[in-house]
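Engineer: What follows is the file input_22.txt, containing compact mmCIF, C-alpha atoms and all ligand atoms:
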# COMPACT_ATOMS: atom_id res chain seq x y z
CA MET A 1 32.58 106.49 -49.28
CA GLY A 2 36.07 106.46 -47.68
CA PRO A 3 38.96 108.50 -49.03
CA VAL A 4 38.29 110.01 -52.43
CA VAL A 5 40.38 111.57 -55.16
CA ARG A 6 39.06 114.91 -56.36
CA THR A 7 39.20 114.87 -60.17
CA VAL A 8 38.20 117.61 -62.62
CA LEU A 9 34.94 115.72 -63.23
CA GLY A 10 34.17 115.05 -59.58
CA ASP A 11 35.14 112.85 -56.67
CA VAL A 12 36.24 109.28 -57.35
CA PRO A 13 36.75 106.61 -54.65
CA ALA A 14 40.48 106.09 -54.18
CA SER A 15 40.00 102.39 -54.92
CA GLU A 16 38.80 103.29 -58.44
CA LEU A 17 41.66 105.59 -59.43
CA GLY A 18 43.49 102.92 -61.44
CA VAL A 19 46.89 103.11 -63.11
CA CYS A 20 48.16 106.59 -62.43
CA ASP A 21 50.78 108.94 -63.85
CA ALA A 22 51.44 110.74 -60.58
CA HIS A 23 53.14 113.86 -61.97
CA ASP A 24 52.54 115.27 -65.41
CA HIS A 25 51.39 118.31 -67.36
CA LEU A 26 48.76 118.53 -70.09
CA PHE A 27 48.83 122.35 -70.15
CA MET A 28 51.48 124.75 -68.92
CA ARG A 29 53.08 128.06 -69.76
CA SER A 30 55.70 130.19 -68.09
CA PRO A 31 57.70 133.28 -69.04
CA ARG A 32 60.63 131.06 -68.01
CA LEU A 33 59.92 128.68 -70.88
CA PRO A 34 59.26 130.89 -73.92
CA GLY A 35 58.20 128.93 -76.99
CA GLN A 36 57.73 125.77 -74.95
CA GLU A 37 54.11 126.25 -73.94
CA LEU A 38 51.87 123.25 -73.55
CA ASP A 39 48.74 124.94 -74.90
CA ASP A 40 47.42 122.63 -77.60
CA ALA A 41 44.32 120.76 -76.43
CA GLU A 42 44.42 118.39 -79.37
CA ALA A 43 48.03 117.38 -78.69
CA ALA A 44 47.24 116.99 -74.99
CA GLY A 45 44.32 114.73 -75.91
CA ALA A 46 46.51 112.60 -78.20
CA GLU A 47 49.05 112.10 -75.40
CA LEU A 48 46.32 111.22 -72.93
CA ARG A 49 44.75 108.73 -75.36
CA ALA A 50 48.13 107.08 -75.99
CA PHE A 51 48.48 106.66 -72.21
CA ARG A 52 44.93 105.27 -71.96
CA ARG A 53 45.57 102.73 -74.76
CA LEU A 54 48.38 101.25 -72.66
CA GLY A 55 46.09 100.79 -69.66
CA GLY A 56 46.66 104.18 -68.02
CA ARG A 57 43.64 105.54 -66.18
CA ALA A 58 44.62 108.63 -64.18
CA VAL A 59 46.90 111.64 -64.58
CA VAL A 60 47.82 114.14 -61.90
CA GLN A 61 48.56 117.48 -63.51
CA TRP A 62 50.94 119.51 -61.33
CA THR A 63 50.46 122.84 -63.17
CA PRO A 64 49.54 125.39 -60.47
CA ARG A 65 47.67 128.71 -60.57
CA GLY A 66 48.69 131.33 -63.11
CA MET A 67 50.57 128.94 -65.41
CA GLY A 68 47.86 128.09 -67.93
CA ARG A 69 46.42 125.01 -66.25
CA ARG A 70 43.15 125.40 -68.25
CA ARG A 71 40.78 123.60 -65.96
CA ALA A 72 37.79 123.66 -68.33
CA ASP A 73 39.92 122.03 -71.03
CA LEU A 74 41.14 119.44 -68.54
CA ALA A 75 37.52 118.55 -67.79
CA ALA A 76 36.73 118.31 -71.51
CA LEU A 77 39.74 116.04 -72.07
CA ALA A 78 38.77 113.85 -69.13
CA SER A 79 35.26 113.45 -70.59
CA ALA A 80 36.56 112.73 -74.06
CA THR A 81 39.15 110.14 -73.01
CA GLY A 82 37.63 108.57 -69.90
CA ALA A 83 40.75 109.46 -67.92
CA HIS A 84 40.68 110.61 -64.32
CA VAL A 85 42.45 113.97 -64.45
CA ILE A 86 43.45 115.72 -61.24
CA ALA A 87 44.21 119.44 -61.37
CA ALA A 88 46.35 121.47 -58.99
CA THR A 89 46.04 124.72 -57.15
CA GLY A 90 49.06 126.35 -55.47
CA LEU A 91 51.91 128.39 -56.91
CA HIS A 92 55.29 127.69 -58.46
CA GLN A 93 58.53 129.63 -57.81
CA ALA A 94 58.31 133.42 -58.12
CA VAL A 95 60.31 133.41 -61.40
CA HIS A 96 57.31 131.89 -63.17
CA TYR A 97 55.09 134.94 -62.58
CA ALA A 98 54.85 138.66 -63.18
CA PRO A 99 55.59 140.45 -59.88
CA GLU A 100 52.18 142.21 -60.04
CA TYR A 101 50.43 138.85 -60.17
CA LEU A 102 52.12 137.66 -56.99
CA GLU A 103 51.62 141.00 -55.26
CA ARG A 104 47.89 141.02 -56.03
CA ASP A 105 47.21 137.63 -54.43
CA ARG A 106 49.87 137.68 -51.73
CA ASP A 107 47.61 138.15 -48.72
CA ARG A 108 44.83 135.79 -49.80
CA LEU A 109 46.64 132.70 -51.01
CA THR A 110 45.07 130.34 -48.49
CA GLU A 111 41.60 131.56 -49.45
CA LEU A 112 42.35 131.15 -53.18
CA PHE A 113 43.82 127.66 -52.71
CA VAL A 114 40.84 126.52 -50.61
CA ARG A 115 38.41 127.99 -53.12
CA ASP A 116 40.14 126.11 -55.98
CA LEU A 117 39.90 122.90 -53.98
CA THR A 118 36.29 123.23 -52.90
CA GLU A 119 34.37 125.32 -55.43
CA GLY A 120 33.30 124.25 -58.90
CA PRO A 121 32.70 123.90 -61.65
CA VAL A 122 36.17 122.37 -61.99
CA ARG A 123 37.89 121.73 -58.65
CA ALA A 124 41.56 121.13 -57.96
CA GLY A 125 42.61 117.96 -56.14
CA LEU A 126 46.03 118.91 -54.76
CA VAL A 127 48.17 121.90 -53.82
CA LYS A 128 51.41 122.35 -55.75
CA VAL A 129 54.27 124.36 -54.26
CA ALA A 130 57.96 124.72 -55.08
CA GLY A 131 61.25 124.94 -53.26
CA GLY A 132 64.48 126.50 -54.47
CA PHE A 133 67.93 125.07 -55.12
CA HIS A 134 69.05 123.63 -51.75
CA GLY A 135 66.81 125.98 -49.82
CA LEU A 136 63.62 127.99 -49.51
CA ASP A 137 63.32 131.69 -50.25
CA GLU A 138 60.74 134.01 -48.73
CA HIS A 139 58.23 133.39 -51.54
CA ALA A 140 58.53 129.61 -51.13
CA ARG A 141 57.97 129.85 -47.38
CA HIS A 142 54.99 132.13 -47.83
CA VAL A 143 53.36 129.84 -50.42
CA MET A 144 54.08 126.71 -48.37
CA THR A 145 52.50 128.31 -45.32
CA ALA A 146 49.32 129.00 -47.33
CA ALA A 147 49.46 125.46 -48.77
CA ALA A 148 49.68 124.01 -45.27
CA GLN A 149 46.66 126.04 -44.20
CA ALA A 150 44.75 124.89 -47.29
CA HIS A 151 45.73 121.33 -46.40
CA HIS A 152 44.41 121.74 -42.85
CA ALA A 153 41.14 123.14 -44.21
CA THR A 154 40.57 120.44 -46.83
CA GLY A 155 42.87 117.43 -46.35
CA ALA A 156 44.38 117.97 -49.81
CA ALA A 157 47.88 116.61 -50.46
CA VAL A 158 50.74 119.09 -50.91
CA ALA A 159 52.95 118.28 -53.90
CA VAL A 160 56.37 119.88 -53.97
CA HIS A 161 58.62 120.76 -56.90
CA LEU A 162 62.14 120.24 -55.52
CA GLU A 163 64.53 122.33 -57.61
CA LEU A 164 66.84 119.81 -59.27
CA GLY A 165 65.66 117.38 -56.61
CA THR A 166 67.26 119.32 -53.75
CA GLY A 167 65.95 120.73 -50.49
CA ALA A 168 63.82 117.78 -49.32
CA ASP A 169 64.97 118.15 -45.71
CA GLU A 170 64.18 121.88 -45.63
CA VAL A 171 60.73 121.30 -47.15
CA LEU A 172 59.80 118.55 -44.69
CA ASP A 173 61.12 120.63 -41.82
CA LEU A 174 58.89 123.56 -42.78
CA LEU A 175 55.74 121.70 -43.89
CA CYS A 176 55.73 118.90 -41.33
CA GLU A 177 57.69 120.11 -38.30
CA LYS A 178 56.65 123.75 -38.29
CA LEU A 179 53.32 123.73 -40.11
CA ASP A 180 51.99 120.36 -38.91
CA VAL A 181 51.20 118.80 -42.28
CA PRO A 182 51.35 115.01 -41.77
CA PRO A 183 54.35 113.68 -43.79
CA GLY A 184 52.03 111.21 -45.52
CA ARG A 185 50.20 114.18 -47.11
CA VAL A 186 53.38 115.53 -48.71
CA VAL A 187 54.59 114.41 -52.15
CA LEU A 188 58.19 115.33 -52.96
CA GLY A 189 58.78 115.68 -56.70
CA HIS A 190 61.87 115.38 -58.91
CA LEU A 191 63.96 113.34 -56.49
CA ASN A 192 65.55 111.52 -59.41
CA ARG A 193 67.27 114.77 -60.37
CA SER A 194 69.38 114.53 -57.22
CA PRO A 195 70.05 110.82 -56.77
CA ASP A 196 71.28 111.14 -53.20
CA LEU A 197 70.04 107.89 -51.71
CA ARG A 198 70.53 109.07 -48.13
CA VAL A 199 68.16 111.97 -48.71
CA HIS A 200 65.64 109.65 -50.39
CA LEU A 201 65.74 107.17 -47.52
CA ARG A 202 65.44 109.93 -44.93
CA ALA A 203 62.35 111.38 -46.65
CA ALA A 204 60.80 107.91 -46.95
CA ARG A 205 61.51 107.15 -43.30
CA ALA A 206 59.87 110.45 -42.38
CA GLY A 207 56.76 109.15 -44.18
CA ALA A 208 56.59 111.43 -47.22
CA PHE A 209 55.75 110.21 -50.72
CA LEU A 210 58.65 110.35 -53.16
CA ALA A 211 57.78 111.12 -56.78
CA PHE A 212 60.28 110.24 -59.49
CA ASP A 213 59.94 111.52 -63.06
CA GLY A 214 60.22 109.70 -66.34
CA PRO A 215 63.31 110.35 -68.44
CA SER A 216 63.90 113.69 -70.15
CA ARG A 217 66.64 115.37 -72.16
CA ALA A 218 67.16 117.92 -69.41
CA HIS A 219 67.80 115.26 -66.78
CA HIS A 220 69.52 112.63 -68.85
CA ALA A 221 72.61 112.84 -66.65
CA THR A 222 70.79 111.45 -63.62
CA ASP A 223 67.83 109.56 -65.14
CA TRP A 224 69.79 106.31 -65.44
CA ARG A 225 70.05 106.13 -61.65
CA LEU A 226 66.29 105.75 -61.23
CA PHE A 227 66.46 102.01 -60.67
CA ASP A 228 69.24 102.35 -58.09
CA ALA A 229 67.04 104.76 -56.13
CA LEU A 230 63.93 102.58 -56.42
CA THR A 231 65.85 99.45 -55.47
CA ALA A 232 67.31 101.15 -52.40
CA LEU A 233 63.86 102.31 -51.31
CA ALA A 234 62.27 98.90 -51.95
CA GLU A 235 65.02 97.07 -50.06
CA ALA A 236 64.63 99.40 -47.10
CA GLY A 237 60.90 98.60 -46.97
CA HIS A 238 59.65 101.88 -48.47
CA ALA A 239 57.96 100.62 -51.64
CA ASP A 240 54.74 102.13 -50.29
CA ARG A 241 56.23 105.66 -50.58
CA VAL A 242 57.16 105.62 -54.28
CA LEU A 243 55.30 107.41 -57.10
CA LEU A 244 56.16 107.73 -60.79
CA GLY A 245 55.25 110.36 -63.34
CA GLY A 246 56.23 111.48 -66.80
CA ASP A 247 56.56 115.20 -66.02
CA THR A 248 56.18 116.17 -69.66
CA THR A 249 56.87 119.91 -69.57
CA THR A 250 57.39 120.77 -73.24
CA ALA A 251 55.65 119.87 -76.49
CA ALA A 252 58.90 118.37 -77.78
CA ALA A 253 58.96 115.94 -74.84
CA ARG A 254 55.66 114.35 -75.85
CA SER A 255 55.51 110.94 -77.44
CA SER A 256 53.87 112.47 -80.51
CA ALA A 257 57.01 114.61 -80.98
CA ASP A 258 60.51 113.59 -80.01
CA GLY A 259 60.12 112.46 -76.43
CA PRO A 260 59.24 109.49 -74.26
CA GLY A 261 56.13 111.33 -73.04
CA MET A 262 53.42 109.86 -70.88
CA PRO A 263 53.16 106.47 -72.71
CA TYR A 264 56.79 105.65 -71.82
CA LEU A 265 55.74 105.06 -68.22
CA LEU A 266 53.64 102.06 -69.21
CA ARG A 267 55.31 100.96 -72.44
CA ARG A 268 58.88 100.74 -71.08
CA LEU A 269 59.14 101.66 -67.44
CA ARG A 270 56.41 99.48 -65.97
CA PRO A 271 57.61 96.21 -67.59
CA ALA A 272 61.18 97.04 -66.57
CA LEU A 273 60.06 97.71 -63.01
CA ALA A 274 58.11 94.45 -62.84
CA LYS A 275 61.18 92.58 -64.07
CA GLU A 276 63.64 94.25 -61.70
CA LEU A 277 61.54 94.76 -58.59
CA GLY A 278 58.57 92.47 -59.11
CA GLU A 279 55.01 92.79 -60.38
CA ARG A 280 53.79 93.62 -56.89
CA PHE A 281 56.11 96.64 -56.71
CA ALA A 282 55.00 97.86 -60.14
CA ARG A 283 51.34 97.59 -59.19
CA GLN A 284 51.95 99.33 -55.90
CA VAL A 285 53.77 102.24 -57.51
CA PHE A 286 51.23 102.81 -60.28
CA VAL A 287 47.98 102.01 -58.46
CA ALA A 288 47.98 101.67 -54.67
CA ASN A 289 50.44 104.46 -53.82
CA PRO A 290 48.87 107.23 -55.91
CA ALA A 291 45.44 106.24 -54.59
CA ARG A 292 46.72 106.88 -51.06
CA ALA A 293 48.86 109.90 -51.88
CA PHE A 294 46.18 111.93 -53.66
CA SER A 295 42.99 110.92 -51.87
CA ALA A 296 41.57 112.79 -48.91
CA ASP A 297 38.59 112.90 -46.62
CA TRP A 298 37.29 116.08 -48.18
CA PRO A 299 35.04 118.24 -46.02
CA VAL A 300 31.35 117.76 -46.66
CA GLU A 301 29.96 120.89 -48.25
ZN ZN B 401 56.23 119.06 -63.18
Any chance you could put this one into C-alpha cells?
Structural biologist:
Amino acid sequence: MGPVVRTVLGDVPASELGVCDAHDHLFMRSPRLPGQELDDAEAAGAELRAFRRLGGRAVVQWTPRGMGRRRADLAALASATGAHVIAATGLHQAVHYAPEYLERDRDRLTELFVRDLTEGPVRAGLVKVAGGFHGLDEHARHVMTAAAQAHHATGAAVAVHLELGTGADEVLDLLCEKLDVPPGRVVLGHLNRSPDLRVHLRAARAGAFLAFDGPSRAHHATDWRLFDALTALAEAGHADRVLLGGDTTTAAARSSADGPGMPYLLRRLRPALAKELGERFARQVFVANPARAFSADWPVE
C-alpha cells in the first residue's frame, strides 16, 4: 500500500490525501482560553464544508489529548463532509491542563500516545507537542521524549507548537539529535510568528517540515511577512519542506464569524501563492508536502 495517512475514518494512501490544511482545529478548549472554546459541531461542520466547496480535501487537527479534541465528532464530521480528518495525540504546554491531569498520566505518556495512534475506534494520526518561548521547560522535554518514543513505535509524525514561532533549534536538537527522530518526521508549527529567515532556512536545511499559519488577529504584526519567508525557502530549494494551515483557534476566527478561517487558505492564499511562486509551488505545498509529512509506514497490527 505504501505510506498511508491515518485519518479518523481509517488509513488512506498518501497519494489520495488531496488538498490539505496542514494545521487547524475543529474542536479545542483550554482553561487558557476561557470563552473561546471550539465546541460546536455544527459550526465545525460548516467551516469544513466551506473548505470542501473550494476544493479542500483534508484537514489535520492539531488539538492534543485533554483539550476537547472530540474524536467521535471528528469521525462523524469526516463522514458527513467527505473530508479526510486527521486527529492528534500528544500534549500541549502544561498551562493548558489541570496539574492533577498531568500528574496522573505523567509516567505513561508513551503508552497513551501509542494507544491513541494504534487503537480504535477513532485513531490519531500524529503526535502534537509544544515548546516554550525560546526554550523548553521540563514538561516540554518530558512530553517530547514520550512523543519520540511513540514515533519510534509507530512512525507517526511529531508536530510541534513553537511558542510565538521560537525555539526551533532547541526542538530539533532534542527531538532529532538526542532522541533520534528523523528530521523529516518533525513538523515545526507557527514559524510565521517569528519571521527569522535564518532560523527557517536552518530548519529546512536540517530536513524538518515548516508549517506556516493563515492570518489571524493575534499575529497580524508578522502575518504580512509570510510571502517573504516562503520566497526565501523556495529560492533556497526548500519548497518541499513547506506546509500551510489555517490554525483557527477561536470561534470568532472562523469564516462564518469574523475571521479568514479555513476557506481563506484556498480562496485567497492559494491563488496568491500560485501567482507569486508558481502553480507548481502551490500544488506542492497543499498536496505533495502534507502527503509526505503526515504519512507513515504504520506497524501492521
Ligand atoms: Zn494550532
Engineer: At a cut-off of 7 Å and counting only C-alpha atoms and all ligand atoms, what residues surround ligand ZN 401 (chain B)? Please answer as a VMD selection string.
Structural biologist: chain A and resid 23 to 25 62 to 63 161 247 249
Engineer: Include C-alpha atoms and write out the residues we just selected as a PDB file, in the coordinates of the input.
Structural biologist:
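Result written to out_37.pdb:
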ATOM      1  CA  HIS A  23      53.140 113.860 -61.970  1.00  0.00           C
ATOM      2  CA  ASP A  24      52.540 115.270 -65.410  1.00  0.00           C
ATOM      3  CA  HIS A  25      51.390 118.310 -67.360  1.00  0.00           C
ATOM      4  CA  TRP A  62      50.940 119.510 -61.330  1.00  0.00           C
ATOM      5  CA  THR A  63      50.460 122.840 -63.170  1.00  0.00           C
ATOM      6  CA  HIS A 161      58.620 120.760 -56.900  1.00  0.00           C
ATOM      7  CA  ASP A 247      56.560 115.200 -66.020  1.00  0.00           C
ATOM      8  CA  THR A 249      56.870 119.910 -69.570  1.00  0.00           C
TER       9      THR A 249
END
Engineer: For CA of Leu230 (chain A) and CA of Leu210 (chain A), determine how far apart the two atoms are, in Å to one decimal place.
Structural biologist: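 Calculated distance between CA of Leu230 (chain A) and CA of Leu210 (chain A) is 9.9 Å.
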Engineer: So that I can see what lies close to Leu243 (chain A), please list as a list in words the residues with an atom at most 10 Å from it, counting only C-alpha atoms and leaving out residues fewer than 6 positions away in the same chain.
Structural biologist: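 Non-adjacent residues within range: Cys20, Asp21, Ala22, His23, Val187, Leu188, Gly189, Phe209, Leu210, Ala211, Phe212, Asp213, Leu230, Gln284, Val285, Phe286, Val287, Ala288, Asn289, Pro290 and Ala293 of chain A.
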Engineer: Kindly give the distance, in Å, that separates CA of Glu42 (chain A) and CA of Gly18 (chain A), rounded to a single decimal.
Structural biologist: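 Here the two named atoms are 23.7 Å from each other.
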Engineer: Name the residues within 12 Å of (39.0, 114.7, -48.2), counting all atoms listed in the file in the file's coordinates, and put them as a VMD selection string.
Structural biologist: chain A and resid 1 to 7 11 to 14 117 to 118 124 to 126 150 to 157 185 292 to 301
Engineer: I need the chosen residues saved as a PDB file, in the frame of the given file, with C-alpha atoms.
Structural biologist:
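Below you can see part-v7.pdb, which holds the result:
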ATOM      1  CA  MET A   1      32.580 106.490 -49.280  1.00  0.00           C
ATOM      2  CA  GLY A   2      36.070 106.460 -47.680  1.00  0.00           C
ATOM      3  CA  PRO A   3      38.960 108.500 -49.030  1.00  0.00           C
ATOM      4  CA  VAL A   4      38.290 110.010 -52.430  1.00  0.00           C
ATOM      5  CA  VAL A   5      40.380 111.570 -55.160  1.00  0.00           C
ATOM      6  CA  ARG A   6      39.060 114.910 -56.360  1.00  0.00           C
ATOM      7  CA  THR A   7      39.200 114.870 -60.170  1.00  0.00           C
ATOM      8  CA  ASP A  11      35.140 112.850 -56.670  1.00  0.00           C
ATOM      9  CA  VAL A  12      36.240 109.280 -57.350  1.00  0.00           C
ATOM     10  CA  PRO A  13      36.750 106.610 -54.650  1.00  0.00           C
ATOM     11  CA  ALA A  14      40.480 106.090 -54.180  1.00  0.00           C
ATOM     12  CA  LEU A 117      39.900 122.900 -53.980  1.00  0.00           C
ATOM     13  CA  THR A 118      36.290 123.230 -52.900  1.00  0.00           C
ATOM     14  CA  ALA A 124      41.560 121.130 -57.960  1.00  0.00           C
ATOM     15  CA  GLY A 125      42.610 117.960 -56.140  1.00  0.00           C
ATOM     16  CA  LEU A 126      46.030 118.910 -54.760  1.00  0.00           C
ATOM     17  CA  ALA A 150      44.750 124.890 -47.290  1.00  0.00           C
ATOM     18  CA  HIS A 151      45.730 121.330 -46.400  1.00  0.00           C
ATOM     19  CA  HIS A 152      44.410 121.740 -42.850  1.00  0.00           C
ATOM     20  CA  ALA A 153      41.140 123.140 -44.210  1.00  0.00           C
ATOM     21  CA  THR A 154      40.570 120.440 -46.830  1.00  0.00           C
ATOM     22  CA  GLY A 155      42.870 117.430 -46.350  1.00  0.00           C
ATOM     23  CA  ALA A 156      44.380 117.970 -49.810  1.00  0.00           C
ATOM     24  CA  ALA A 157      47.880 116.610 -50.460  1.00  0.00           C
ATOM     25  CA  ARG A 185      50.200 114.180 -47.110  1.00  0.00           C
ATOM     26  CA  ARG A 292      46.720 106.880 -51.060  1.00  0.00           C
ATOM     27  CA  ALA A 293      48.860 109.900 -51.880  1.00  0.00           C
ATOM     28  CA  PHE A 294      46.180 111.930 -53.660  1.00  0.00           C
ATOM     29  CA  SER A 295      42.990 110.920 -51.870  1.00  0.00           C
ATOM     30  CA  ALA A 296      41.570 112.790 -48.910  1.00  0.00           C
ATOM     31  CA  ASP A 297      38.590 112.900 -46.620  1.00  0.00           C
ATOM     32  CA  TRP A 298      37.290 116.080 -48.180  1.00  0.00           C
ATOM     33  CA  PRO A 299      35.040 118.240 -46.020  1.00  0.00           C
ATOM     34  CA  VAL A 300      31.350 117.760 -46.660  1.00  0.00           C
ATOM     35  CA  GLU A 301      29.960 120.890 -48.250  1.00  0.00           C
TER      36      GLU A 301
END
